[in-house]
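> Take a look at this one; I'll ask things after.
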Amino acid sequence: MATCRVGFMANMVTSACPVQRERRLRERRVRLVPPRASTSSNNNGPANRFSMDRRDVLLGLGGAAAAASVLTPGGVILPAMANPVAPPDLSKCHIATQGAPPGEDKCCPPYSMAELPTKPVDYDFPRTPLRVRRPAHEVKEDPDYMKKYTEAVRKMKELPEKHPWNFYQQALVHCAYCNGAYDQVGYEGVGGVGGVALQMHYSWLFLPWHRYYLHFFERILGKLIDDDTFTLPYWNFDVKEGMKIPEIFTSDQNSPLYNEKRNLDHYNKILDYRYGYKNTSGSNASSDDELVQMNMSYLRSTIKNSLQLPELFMGDPLRAGEPDSNKGSGGLEAIHNGIHQFVGPTEAPHTDMGNFATAARDCVFYSLHANVDRLWHLYRNFRGNRVEFNEPDWLDATFIFYDENERIVQVKVKDSLTPTKLRYTYEEVPIPWMGSLRVQKTKETKRKQDLNLVRISDFGTKPRELGSTPLRVMVPRPKTNRKKKDKDEKVEVLQIQDIEVKSHGPARFDVFVAAPYGDLAGPDFGEFVGSFVKLPHKATKEGNNGVEKHKGKTSLKLGLTAVLEDIEAEDAEKLVVTILPSGGDVTIGGIQLKLVQADSPRLQ
Ligand code: C2O
């Protein structure tokens, strides 16, 4: 019998659910157009372009309780079982156990000590004026702003060492949450051994947690200079003018914004979204302009291919008690990881920016994350502000911060979804990458390759180690020639399973797909569809006797529905998947193509 549900399964409706079906038809009319942050003359805000559905409105008002119920066929509303990640128990903070380099593993905040009050209060959301974050390449022309910004950071760096607002204490907040200084409540080990670490990367917690982290950091800076309109500048790395490490961080070695531990070769160079330590120009562009186009194309396709299924963009669900192993980062996090590596030094342990334990000691960090945050905001707009994961396990996940009023506060994911609730927004700038940017291959190259076909075999049943040469395998598709309706309902996902990085250092590989000629393929890898990028991290936790408790495996998922249309491969029964390794000791367990139920209809 068909069931109409409300709540997070609401999109899995059948024809027996007239209301939802009607709504879905309405949503299908949505088109992918630049949202509010556009300067095009035809500037329709998202509210005009996208229909806001009632469910989103409820959520906007904090209606998680409504979302947490399930309507049974008999019309009875049952509460759903919820299992959101709980805030850390500050008093149990311990040495950081996940990838912090030696000497950098003491990350606990000063207020975790027993003599201080550690009971968090609910955060009192601000009612202050709306703050507008501006691009870093633009604020450099504004001496008044630059004076305030450098002054605020200087003051923050000069605070007493143990003050929770101190710049280096703020950086430790990132280390504590991201390098395993806390265990999940109820899943504690002893002194960092045997428990399940609380981890803010590699999952759906990544974007909301970093949004809050910046929010509090920004407001503390504002407080230090007594300016309640102060904002962090964002590194607008998605436009040509912003695609270098912002000058405000590189031009003056005596500025509080400067950091010495960086890759100096990358000053004044165009950022390569596919940079890897072993692969200094992953994109292999022939000119700066081409690199700019390739970066924008990468970003555009990451967004376009994940609009139907937020976990592809934001990261896998992670519930209380689950370790971050076997979870996958979203596409935005992968791009962001590459940028961390581009800024940080090439030598291990890649401190500061190339290592999460120390990354937030570089002011570039906050501007990088401000743009990551802005890209999430845009992604939401493209989806008509539809909630990404309409389930309490995400919405009620809770974090603790230290605010600008010197209180230990707790906040939930559901209150982070709209920046205006946190009283900030982003200045409107052009989004050139929204246009059609796919870098076209010339017919010439295509023809040449046909002469050099090679046989490609299946992945096989055993895990494969990535060496220095590309791994190319033939992967069967679940279905060919899918109709529009089918594509609206299900996303074709390429999943690379059981990725294991043996050394705990950084790792990277890039993924390409192409349509084969029977069992043969040309030397061209085809279309770039995404990357696996990892900073130094240790996901394997040891049990009490040094026994491995869970393996540090992870997975990578990439949406292909739109790509296959672009490369005209909808009729292919198999795809040639090419994995191009670029550093790290990586093993993968399998490669699969599957159809996954979309959370929302396709936006074109
Ligand atoms: Cu928590 Cu850019 O990292």
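Each chain of the structure tokens is named A, B, ... in the order shown, its residues numbered from 1; ligands are numbered from 1 in display order.
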List as a ChimeraX atom specification the protein and nucleic acid residues lying within 7 Å of ligand 1, with only C-alpha atoms and all ligand atoms counted.
/A:174,178,200-201,210,336-337,340,356,365,369
> Create the file for the chosen residues now, containing N, CA, C and O atoms and written as a PDB file, in the first residue's frame.

ATOM      1  N   HIS A 174      39.133  24.982  16.764  1.00  0.00           N
ATOM      2  CA  HIS A 174      39.089  24.160  15.543  1.00  0.00           C
ATOM      3  C   HIS A 174      39.822  22.842  15.745  1.00  0.00           C
ATOM      4  O   HIS A 174      39.327  21.777  15.407  1.00  0.00           O
ATOM      5  N   CYS A 178      38.129  19.201  15.556  1.00  0.00           N
ATOM      6  CA  CYS A 178      38.451  18.607  14.253  1.00  0.00           C
ATOM      7  C   CYS A 178      39.610  17.624  14.316  1.00  0.00           C
ATOM      8  O   CYS A 178      39.929  16.978  13.323  1.00  0.00           O
ATOM      9  N   MET A 200      34.182  17.326  13.102  1.00  0.00           N
ATOM     10  CA  MET A 200      33.370  18.271  12.331  1.00  0.00           C
ATOM     11  C   MET A 200      33.690  18.297  10.834  1.00  0.00           C
ATOM     12  O   MET A 200      33.193  19.134  10.110  1.00  0.00           O
ATOM     13  N   HIS A 201      34.537  17.392  10.397  1.00  0.00           N
ATOM     14  CA  HIS A 201      34.757  17.269   8.952  1.00  0.00           C
ATOM     15  C   HIS A 201      34.168  15.951   8.475  1.00  0.00           C
ATOM     16  O   HIS A 201      33.713  15.159   9.286  1.00  0.00           O
ATOM     17  N   HIS A 210      31.185  24.976  10.871  1.00  0.00           N
ATOM     18  CA  HIS A 210      32.098  26.054  10.475  1.00  0.00           C
ATOM     19  C   HIS A 210      31.367  27.395  10.348  1.00  0.00           C
ATOM     20  O   HIS A 210      31.956  28.444  10.590  1.00  0.00           O
ATOM     21  N   HIS A 336      37.505  22.686  -0.828  1.00  0.00           N
ATOM     22  CA  HIS A 336      38.074  23.445   0.284  1.00  0.00           C
ATOM     23  C   HIS A 336      39.363  22.787   0.812  1.00  0.00           C
ATOM     24  O   HIS A 336      40.327  23.465   1.133  1.00  0.00           O
ATOM     25  N   ASN A 337      39.395  21.461   0.852  1.00  0.00           N
ATOM     26  CA  ASN A 337      40.611  20.779   1.311  1.00  0.00           C
ATOM     27  C   ASN A 337      41.792  21.116   0.407  1.00  0.00           C
ATOM     28  O   ASN A 337      42.900  21.366   0.879  1.00  0.00           O
ATOM     29  N   HIS A 340      43.124  24.514   1.266  1.00  0.00           N
ATOM     30  CA  HIS A 340      43.980  24.437   2.461  1.00  0.00           C
ATOM     31  C   HIS A 340      45.402  24.036   2.049  1.00  0.00           C
ATOM     32  O   HIS A 340      46.387  24.617   2.501  1.00  0.00           O
ATOM     33  N   PHE A 356      44.577  20.511   9.970  1.00  0.00           N
ATOM     34  CA  PHE A 356      43.442  21.079  10.703  1.00  0.00           C
ATOM     35  C   PHE A 356      43.812  21.520  12.125  1.00  0.00           C
ATOM     36  O   PHE A 356      43.208  22.439  12.669  1.00  0.00           O
ATOM     37  N   PHE A 365      42.444  31.314   6.756  1.00  0.00           N
ATOM     38  CA  PHE A 365      41.485  30.265   7.082  1.00  0.00           C
ATOM     39  C   PHE A 365      40.056  30.804   7.135  1.00  0.00           C
ATOM     40  O   PHE A 365      39.138  30.237   6.562  1.00  0.00           O
ATOM     41  N   HIS A 369      36.936  30.022   4.691  1.00  0.00           N
ATOM     42  CA  HIS A 369      35.677  29.445   5.170  1.00  0.00           C
ATOM     43  C   HIS A 369      34.487  30.364   4.969  1.00  0.00           C
ATOM     44  O   HIS A 369      33.355  29.903   4.812  1.00  0.00           O
TER      45      HIS A 369
END
> Which neighbours of stretch 132-145 of chain A fall inside 10 Å, counting only C-alpha atoms, when residues of the same chain fewer than 6 positions from it are skipped, and could you give them as an mmCIF file with all heavy atoms, in the first residue's frame?

data_model
loop_
_atom_site.group_PDB
_atom_site.id
_atom_site.type_symbol
_atom_site.label_atom_id
_atom_site.label_comp_id
_atom_site.auth_asym_id
_atom_site.auth_seq_id
_atom_site.Cartn_x
_atom_site.Cartn_y
_atom_site.Cartn_z
ATOM 1 N N GLU A 151 43.474 45.881 13.271
ATOM 2 C CA GLU A 151 43.448 46.272 14.673
ATOM 3 C C GLU A 151 42.751 45.186 15.525
ATOM 4 O O GLU A 151 43.235 44.800 16.589
ATOM 5 C CB GLU A 151 42.693 47.612 14.787
ATOM 6 C CG GLU A 151 42.506 48.147 16.177
ATOM 7 C CD GLU A 151 43.821 48.591 16.820
ATOM 8 O OE1 GLU A 151 44.885 48.457 16.165
ATOM 9 O OE2 GLU A 151 43.788 49.035 17.984
ATOM 10 N N THR A 229 29.141 46.135 13.458
ATOM 11 C CA THR A 229 28.887 45.861 12.035
ATOM 12 C C THR A 229 30.094 45.149 11.410
ATOM 13 O O THR A 229 30.097 44.859 10.216
ATOM 14 C CB THR A 229 28.642 47.159 11.229
ATOM 15 O OG1 THR A 229 29.836 47.947 11.256
ATOM 16 C CG2 THR A 229 27.486 47.949 11.804
ATOM 17 N N PHE A 230 31.101 44.878 12.227
ATOM 18 C CA PHE A 230 32.325 44.299 11.668
ATOM 19 C C PHE A 230 32.085 42.919 11.048
ATOM 20 O O PHE A 230 31.379 42.081 11.604
ATOM 21 C CB PHE A 230 33.406 44.164 12.757
ATOM 22 C CG PHE A 230 34.631 43.470 12.246
ATOM 23 C CD1 PHE A 230 35.567 44.162 11.481
ATOM 24 C CD2 PHE A 230 34.818 42.110 12.449
ATOM 25 C CE1 PHE A 230 36.669 43.510 10.956
ATOM 26 C CE2 PHE A 230 35.924 41.447 11.919
ATOM 27 C CZ PHE A 230 36.846 42.155 11.175
ATOM 28 N N THR A 231 32.693 42.688 9.892
ATOM 29 C CA THR A 231 32.636 41.357 9.283
ATOM 30 C C THR A 231 34.011 40.907 8.838
ATOM 31 O O THR A 231 34.884 41.717 8.538
ATOM 32 C CB THR A 231 31.759 41.322 8.015
ATOM 33 O OG1 THR A 231 32.207 42.353 7.120
ATOM 34 C CG2 THR A 231 30.297 41.485 8.332
ATOM 35 N N LEU A 232 34.162 39.598 8.739
ATOM 36 C CA LEU A 232 35.349 39.019 8.106
ATOM 37 C C LEU A 232 35.225 39.228 6.604
ATOM 38 O O LEU A 232 34.121 39.189 6.068
ATOM 39 C CB LEU A 232 35.381 37.517 8.377
ATOM 40 C CG LEU A 232 35.655 37.097 9.816
ATOM 41 C CD1 LEU A 232 35.252 35.639 10.005
ATOM 42 C CD2 LEU A 232 37.131 37.304 10.136
ATOM 43 N N PRO A 233 36.343 39.428 5.916
ATOM 44 C CA PRO A 233 36.264 39.468 4.454
ATOM 45 C C PRO A 233 36.201 38.030 3.938
ATOM 46 O O PRO A 233 36.734 37.130 4.576
ATOM 47 C CB PRO A 233 37.591 40.110 4.053
ATOM 48 C CG PRO A 233 38.543 39.764 5.157
ATOM 49 C CD PRO A 233 37.717 39.602 6.419
ATOM 50 N N TYR A 234 35.510 37.816 2.819
ATOM 51 C CA TYR A 234 35.521 36.456 2.282
ATOM 52 C C TYR A 234 36.439 36.356 1.074
ATOM 53 O O TYR A 234 36.549 37.285 0.288
ATOM 54 C CB TYR A 234 34.113 35.940 1.971
ATOM 55 C CG TYR A 234 33.321 36.635 0.877
ATOM 56 C CD1 TYR A 234 33.419 36.233 -0.459
ATOM 57 C CD2 TYR A 234 32.436 37.669 1.184
ATOM 58 C CE1 TYR A 234 32.670 36.843 -1.450
ATOM 59 C CE2 TYR A 234 31.688 38.286 0.195
ATOM 60 C CZ TYR A 234 31.805 37.870 -1.118
ATOM 61 O OH TYR A 234 31.077 38.484 -2.094
ATOM 62 N N TRP A 235 37.133 35.241 0.998
ATOM 63 C CA TRP A 235 38.045 34.983 -0.121
ATOM 64 C C TRP A 235 37.182 34.523 -1.304
ATOM 65 O O TRP A 235 36.794 33.371 -1.382
ATOM 66 C CB TRP A 235 39.064 33.907 0.273
ATOM 67 C CG TRP A 235 40.037 33.548 -0.791
ATOM 68 C CD1 TRP A 235 40.126 34.046 -2.059
ATOM 69 C CD2 TRP A 235 41.094 32.577 -0.680
ATOM 70 N NE1 TRP A 235 41.160 33.469 -2.747
ATOM 71 C CE2 TRP A 235 41.777 32.561 -1.919
ATOM 72 C CE3 TRP A 235 41.539 31.731 0.343
ATOM 73 C CZ2 TRP A 235 42.860 31.715 -2.166
ATOM 74 C CZ3 TRP A 235 42.620 30.902 0.095
ATOM 75 C CH2 TRP A 235 43.272 30.899 -1.140
ATOM 76 N N ASN A 236 36.932 35.469 -2.184
ATOM 77 C CA ASN A 236 36.012 35.238 -3.303
ATOM 78 C C ASN A 236 36.742 34.423 -4.390
ATOM 79 O O ASN A 236 36.928 34.883 -5.518
ATOM 80 C CB ASN A 236 35.595 36.637 -3.824
ATOM 81 C CG ASN A 236 34.390 36.656 -4.733
ATOM 82 O OD1 ASN A 236 34.066 37.706 -5.266
ATOM 83 N ND2 ASN A 236 33.736 35.523 -4.942
ATOM 84 N N PHE A 237 37.117 33.190 -4.024
ATOM 85 C CA PHE A 237 37.986 32.404 -4.913
ATOM 86 C C PHE A 237 37.255 31.815 -6.113
ATOM 87 O O PHE A 237 37.818 31.045 -6.872
ATOM 88 C CB PHE A 237 38.714 31.307 -4.118
ATOM 89 C CG PHE A 237 37.808 30.363 -3.357
ATOM 90 C CD1 PHE A 237 37.075 29.388 -4.016
ATOM 91 C CD2 PHE A 237 37.699 30.447 -1.975
ATOM 92 C CE1 PHE A 237 36.240 28.516 -3.319
ATOM 93 C CE2 PHE A 237 36.863 29.583 -1.254
ATOM 94 C CZ PHE A 237 36.137 28.614 -1.942
ATOM 95 N N GLU A 241 39.115 37.711 -10.304
ATOM 96 C CA GLU A 241 39.814 38.735 -9.506
ATOM 97 C C GLU A 241 40.162 38.224 -8.107
ATOM 98 O O GLU A 241 41.015 38.801 -7.431
ATOM 99 C CB GLU A 241 38.952 40.002 -9.336
ATOM 100 C CG GLU A 241 38.320 40.558 -10.596
ATOM 101 C CD GLU A 241 37.137 39.723 -11.079
ATOM 102 O OE1 GLU A 241 36.153 39.616 -10.327
ATOM 103 O OE2 GLU A 241 37.212 39.157 -12.198
ATOM 104 N N GLY A 242 39.470 37.176 -7.677
ATOM 105 C CA GLY A 242 39.703 36.699 -6.312
ATOM 106 C C GLY A 242 40.434 35.379 -6.266
ATOM 107 O O GLY A 242 40.566 34.779 -5.201
ATOM 108 N N MET A 243 40.925 34.904 -7.394
ATOM 109 C CA MET A 243 41.442 33.533 -7.431
ATOM 110 C C MET A 243 42.909 33.380 -7.027
ATOM 111 O O MET A 243 43.563 32.414 -7.399
ATOM 112 C CB MET A 243 41.188 32.917 -8.800
ATOM 113 C CG MET A 243 40.413 31.602 -8.690
ATOM 114 S SD MET A 243 40.076 30.895 -10.274
ATOM 115 C CE MET A 243 38.311 31.090 -10.423
ATOM 116 N N LYS A 244 43.410 34.339 -6.266
ATOM 117 C CA LYS A 244 44.760 34.217 -5.699
ATOM 118 C C LYS A 244 44.634 34.323 -4.197
ATOM 119 O O LYS A 244 43.625 34.818 -3.699
ATOM 120 C CB LYS A 244 45.633 35.369 -6.191
ATOM 121 C CG LYS A 244 45.939 35.301 -7.670
ATOM 122 C CD LYS A 244 46.747 36.505 -8.101
ATOM 123 C CE LYS A 244 47.109 36.373 -9.565
ATOM 124 N NZ LYS A 244 47.722 37.604 -10.093
ATOM 125 N N ILE A 245 45.664 33.919 -3.464
ATOM 126 C CA ILE A 245 45.622 34.144 -2.015
ATOM 127 C C ILE A 245 45.478 35.660 -1.840
ATOM 128 O O ILE A 245 46.288 36.418 -2.369
ATOM 129 C CB ILE A 245 46.909 33.659 -1.315
ATOM 130 C CG1 ILE A 245 47.144 32.174 -1.609
ATOM 131 C CG2 ILE A 245 46.811 33.902 0.198
ATOM 132 C CD1 ILE A 245 48.453 31.630 -1.031
ATOM 133 N N PRO A 246 44.457 36.115 -1.151
ATOM 134 C CA PRO A 246 44.199 37.556 -1.099
ATOM 135 C C PRO A 246 45.425 38.338 -0.616
ATOM 136 O O PRO A 246 46.082 37.963 0.355
ATOM 137 C CB PRO A 246 43.034 37.683 -0.119
ATOM 138 C CG PRO A 246 42.345 36.363 -0.176
ATOM 139 C CD PRO A 246 43.425 35.341 -0.425
ATOM 140 N N GLU A 247 45.667 39.414 -1.322
ATOM 141 C CA GLU A 247 46.828 40.252 -1.033
ATOM 142 C C GLU A 247 46.867 40.760 0.400
ATOM 143 O O GLU A 247 47.946 40.953 0.959
ATOM 144 C CB GLU A 247 46.769 41.467 -1.959
ATOM 145 C CG GLU A 247 47.940 41.565 -2.895
ATOM 146 C CD GLU A 247 47.765 42.792 -3.769
ATOM 147 O OE1 GLU A 247 48.133 43.914 -3.325
ATOM 148 O OE2 GLU A 247 47.235 42.606 -4.879
ATOM 149 N N ILE A 248 45.702 40.983 0.989
ATOM 150 C CA ILE A 248 45.684 41.510 2.361
ATOM 151 C C ILE A 248 46.398 40.570 3.332
ATOM 152 O O ILE A 248 46.814 40.978 4.400
ATOM 153 C CB ILE A 248 44.239 41.786 2.863
ATOM 154 C CG1 ILE A 248 43.380 40.522 2.820
ATOM 155 C CG2 ILE A 248 43.584 42.884 2.045
ATOM 156 C CD1 ILE A 248 42.030 40.683 3.533
ATOM 157 N N PHE A 249 46.539 39.300 2.926
ATOM 158 C CA PHE A 249 47.225 38.347 3.807
ATOM 159 C C PHE A 249 48.680 38.125 3.430
ATOM 160 O O PHE A 249 49.415 37.458 4.140
ATOM 161 C CB PHE A 249 46.505 36.995 3.790
ATOM 162 C CG PHE A 249 45.065 37.081 4.198
ATOM 163 C CD1 PHE A 249 44.050 36.806 3.306
ATOM 164 C CD2 PHE A 249 44.735 37.458 5.500
ATOM 165 C CE1 PHE A 249 42.716 36.883 3.688
ATOM 166 C CE2 PHE A 249 43.398 37.549 5.882
ATOM 167 C CZ PHE A 249 42.391 37.260 4.976
ATOM 168 N N VAL A 364 43.917 33.600 6.747
ATOM 169 C CA VAL A 364 43.357 33.149 5.473
ATOM 170 C C VAL A 364 42.256 32.114 5.718
ATOM 171 O O VAL A 364 41.262 32.060 4.995
ATOM 172 C CB VAL A 364 44.445 32.513 4.579
ATOM 173 C CG1 VAL A 364 43.836 31.877 3.349
ATOM 174 C CG2 VAL A 364 45.467 33.539 4.168
ATOM 175 N N SER A 367 38.791 33.535 5.965
ATOM 176 C CA SER A 367 38.264 34.063 4.706
ATOM 177 C C SER A 367 37.953 32.933 3.727
ATOM 178 O O SER A 367 36.976 33.002 2.980
ATOM 179 C CB SER A 367 39.256 35.055 4.095
ATOM 180 O OG SER A 367 39.271 36.226 4.883
ATOM 181 N N LEU A 368 38.785 31.901 3.735
ATOM 182 C CA LEU A 368 38.468 30.710 2.942
ATOM 183 C C LEU A 368 37.104 30.163 3.380
ATOM 184 O O LEU A 368 36.217 29.913 2.560
ATOM 185 C CB LEU A 368 39.564 29.643 3.142
ATOM 186 C CG LEU A 368 39.219 28.182 2.795
ATOM 187 C CD1 LEU A 368 38.816 28.030 1.334
ATOM 188 C CD2 LEU A 368 40.411 27.265 3.088
ATOM 189 N N ALA A 370 34.728 31.678 4.972
ATOM 190 C CA ALA A 370 33.607 32.582 4.714
ATOM 191 C C ALA A 370 33.088 32.332 3.290
ATOM 192 O O ALA A 370 31.882 32.334 3.052
ATOM 193 C CB ALA A 370 34.033 34.033 4.905
ATOM 194 N N ASN A 371 33.986 32.072 2.359
ATOM 195 C CA ASN A 371 33.496 31.811 0.993
ATOM 196 C C ASN A 371 32.860 30.429 0.877
ATOM 197 O O ASN A 371 31.876 30.256 0.164
ATOM 198 C CB ASN A 371 34.596 31.985 -0.042
ATOM 199 C CG ASN A 371 34.026 32.281 -1.427
ATOM 200 O OD1 ASN A 371 33.090 33.085 -1.548
ATOM 201 N ND2 ASN A 371 34.534 31.624 -2.450
ATOM 202 N N ARG A 374 29.550 30.999 2.038
ATOM 203 C CA ARG A 374 28.752 31.700 1.030
ATOM 204 C C ARG A 374 28.300 30.743 -0.074
ATOM 205 O O ARG A 374 27.169 30.813 -0.551
ATOM 206 C CB ARG A 374 29.604 32.841 0.451
ATOM 207 C CG ARG A 374 29.003 33.525 -0.756
ATOM 208 C CD ARG A 374 29.910 34.663 -1.237
ATOM 209 N NE ARG A 374 29.599 34.990 -2.616
ATOM 210 C CZ ARG A 374 30.236 34.493 -3.658
ATOM 211 N NH1 ARG A 374 31.243 33.649 -3.499
ATOM 212 N NH2 ARG A 374 29.880 34.833 -4.880
ATOM 213 N N ARG A 423 22.452 37.206 11.771
ATOM 214 C CA ARG A 423 22.622 38.640 11.494
ATOM 215 C C ARG A 423 23.824 38.975 10.618
ATOM 216 O O ARG A 423 24.564 39.930 10.886
ATOM 217 C CB ARG A 423 22.664 39.463 12.795
ATOM 218 C CG ARG A 423 21.471 39.281 13.721
ATOM 219 C CD ARG A 423 20.131 39.460 13.040
ATOM 220 N NE ARG A 423 19.877 40.804 12.544
ATOM 221 C CZ ARG A 423 19.148 41.055 11.436
ATOM 222 N NH1 ARG A 423 18.641 40.074 10.732
ATOM 223 N NH2 ARG A 423 18.956 42.282 11.054
ATOM 224 N N TYR A 424 24.043 38.173 9.580
ATOM 225 C CA TYR A 424 25.022 38.582 8.587
ATOM 226 C C TYR A 424 24.529 38.136 7.228
ATOM 227 O O TYR A 424 23.611 37.320 7.115
ATOM 228 C CB TYR A 424 26.421 37.994 8.868
ATOM 229 C CG TYR A 424 26.534 36.506 8.547
ATOM 230 C CD1 TYR A 424 26.979 36.073 7.294
ATOM 231 C CD2 TYR A 424 26.190 35.543 9.492
ATOM 232 C CE1 TYR A 424 27.073 34.713 6.993
ATOM 233 C CE2 TYR A 424 26.279 34.188 9.194
ATOM 234 C CZ TYR A 424 26.719 33.788 7.947
ATOM 235 O OH TYR A 424 26.798 32.449 7.652
ATOM 236 N N THR A 425 25.139 38.704 6.196
ATOM 237 C CA THR A 425 24.835 38.265 4.843
ATOM 238 C C THR A 425 26.064 38.538 3.970
ATOM 239 O O THR A 425 27.097 38.957 4.480
ATOM 240 C CB THR A 425 23.565 38.962 4.301
ATOM 241 O OG1 THR A 425 23.204 38.368 3.059
ATOM 242 C CG2 THR A 425 23.787 40.457 4.081
ATOM 243 N N TYR A 426 25.939 38.276 2.680
ATOM 244 C CA TYR A 426 27.068 38.482 1.769
ATOM 245 C C TYR A 426 26.759 39.576 0.763
ATOM 246 O O TYR A 426 25.640 39.634 0.244
ATOM 247 C CB TYR A 426 27.395 37.174 1.037
ATOM 248 C CG TYR A 426 27.990 36.168 1.971
ATOM 249 C CD1 TYR A 426 27.208 35.193 2.581
ATOM 250 C CD2 TYR A 426 29.338 36.229 2.313
ATOM 251 C CE1 TYR A 426 27.751 34.293 3.486
ATOM 252 C CE2 TYR A 426 29.895 35.335 3.216
ATOM 253 C CZ TYR A 426 29.094 34.372 3.790
ATOM 254 O OH TYR A 426 29.641 33.493 4.690
ATOM 255 N N GLU A 427 27.735 40.392 0.512
ATOM 256 C CA GLU A 427 27.563 41.420 -0.507
ATOM 257 C C GLU A 427 27.310 40.754 -1.860
ATOM 258 O O GLU A 427 27.904 39.730 -2.181
ATOM 259 C CB GLU A 427 28.834 42.269 -0.606
ATOM 260 C CG GLU A 427 28.668 43.467 -1.496
ATOM 261 C CD GLU A 427 29.974 44.260 -1.591
ATOM 262 O OE1 GLU A 427 30.831 43.887 -2.398
ATOM 263 O OE2 GLU A 427 30.115 45.221 -0.847
ATOM 264 N N GLU A 428 26.425 41.356 -2.631
ATOM 265 C CA GLU A 428 26.109 40.782 -3.938
ATOM 266 C C GLU A 428 27.251 41.024 -4.913
ATOM 267 O O GLU A 428 27.683 42.147 -5.112
ATOM 268 C CB GLU A 428 24.835 41.429 -4.486
ATOM 269 C CG GLU A 428 23.634 41.114 -3.627
ATOM 270 C CD GLU A 428 22.337 41.659 -4.208
ATOM 271 O OE1 GLU A 428 22.371 42.181 -5.340
ATOM 272 O OE2 GLU A 428 21.316 41.546 -3.523
ATOM 273 N N VAL A 429 27.719 39.956 -5.479
ATOM 274 C CA VAL A 429 28.772 40.062 -6.498
ATOM 275 C C VAL A 429 28.374 39.161 -7.662
ATOM 276 O O VAL A 429 27.539 38.275 -7.500
ATOM 277 C CB VAL A 429 30.157 39.622 -5.957
ATOM 278 C CG1 VAL A 429 30.626 40.534 -4.838
ATOM 279 C CG2 VAL A 429 30.131 38.177 -5.487
#
> One decimal, in Å: what's the spacing between atom CA of A:Glu406 and atom CA of A:Arg154?
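Between these atoms lies a distance of 19.1 Å.
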> Looking at A:Tyr402, A:Trp376, A:Tyr298, A:Phe216, which one is nearest to A:Tyr111, with distances taken over only C-alpha atoms?
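Under the stated criterion, the closest residue is A:Tyr402.
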> Could you give me, as a ChimeraX atom specification, the residues within 9 Å of stretch 556-559 of chain A, counting only C-alpha atoms and dropping anything in the same chain fewer than 3 positions from it?
/A:302,304-306,308-309,311-313,327-331,491-499,529-532,562-563
> Find the residues near A:Val586: any atom within 10 Å, counting only C-alpha atoms, skip ones fewer than 4 places away on the same chain, and give them as a list in words.
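In the requested format, the answer is Arg464, Glu465, Leu466, Gly467, Ile499, Glu500, Val501, Lys502, Ser503, Ala507, Arg508, Phe509, Pro581 and Ser582 of chain A.
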> Could you check the closest approach to A:Gly321 for each of A:Asn83, A:Leu520, A:Thr358, A:Lys485 and tell me which residue wins, using only C-alpha atoms?
A:Asn83
> Mind checking which residues fall within 7 Å of A:Asp352, counting only C-alpha atoms, ignoring those fewer than 3 positions away in the same chain, and posting them as an NGL selection string?
:A and (261 or 344 or 355 or 358-359 or 361-362)
> Please produce a file of the residues just selected, as a CSV table (one decimal), in the first residue's frame, where the atoms kept are N, CA and C atoms.

chain,number,residue,atom,x,y,z
A,261,LYS,N,54.0,30.5,7.8
A,261,LYS,CA,54.0,29.1,7.4
A,261,LYS,C,53.1,28.9,6.2
A,344,GLY,N,49.0,26.1,2.5
A,344,GLY,CA,50.0,25.6,3.4
A,344,GLY,C,51.3,25.1,2.8
A,355,ASN,N,47.0,21.6,7.8
A,355,ASN,CA,46.8,20.6,8.9
A,355,ASN,C,45.7,21.2,9.8
A,358,THR,N,46.2,23.2,13.1
A,358,THR,CA,46.8,24.5,13.2
A,358,THR,C,46.2,25.5,12.2
A,359,ALA,N,45.4,25.0,11.3
A,359,ALA,CA,44.9,25.8,10.1
A,359,ALA,C,44.4,27.2,10.6
A,361,ARG,N,45.2,29.2,12.7
A,361,ARG,CA,46.2,30.2,13.1
A,361,ARG,C,46.5,31.1,12.0
A,362,ASP,N,46.0,30.8,10.8
A,362,ASP,CA,46.2,31.7,9.7
A,362,ASP,C,44.9,32.4,9.3
> Name all residues at most 10 Å from A:Pro476 (count only C-alpha atoms; drop same-chain ones fewer than 6 positions away) and give them as a CSV table (one decimal) with C-alpha atoms, in the first residue's frame.

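New file part.csv:
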chain,number,residue,atom,x,y,z
A,458,ASP,CA,36.5,-4.6,-14.4
A,572,ALA,CA,26.3,3.7,-22.6
A,573,GLU,CA,26.0,0.4,-20.7
A,574,LYS,CA,29.3,0.9,-19.0
A,575,LEU,CA,31.5,3.8,-18.1
A,576,VAL,CA,35.3,3.9,-18.0
A,591,ILE,CA,33.7,1.3,-7.6
A,592,GLN,CA,30.0,1.3,-8.3
A,593,LEU,CA,27.4,3.1,-10.2
A,594,LYS,CA,24.0,3.2,-8.6
> Given the choices A:Ile588, A:Asp227, A:Asp486, A:Val387, which gets closest to A:Pro463 if the distance is worked out from only C-alpha atoms?
A:Ile588
> Have a look at A:Leu291, A:Ala320, A:Leu214, A:Val411 and name the one nearest to A:Asp373; count only C-alpha atoms.
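Nearest candidate to A:Asp373 out of A:Leu291, A:Ala320, A:Leu214, A:Val411: A:Leu214.
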> Would you please work out which residue, of A:Arg127, A:Gly192, A:Arg455, A:Trp165, is nearest to A:Asp105 when using only C-alpha atoms?
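Among the listed residues, A:Gly192 lies closest to A:Asp105.
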> Would you give me, as a VMD selection string, the residues in stretch 97-239 of chain A that DSSP reads as helix (DSSP H, G or I)?
chain A and resid 110 to 112 136 to 139 143 to 158 167 to 178 206 to 224
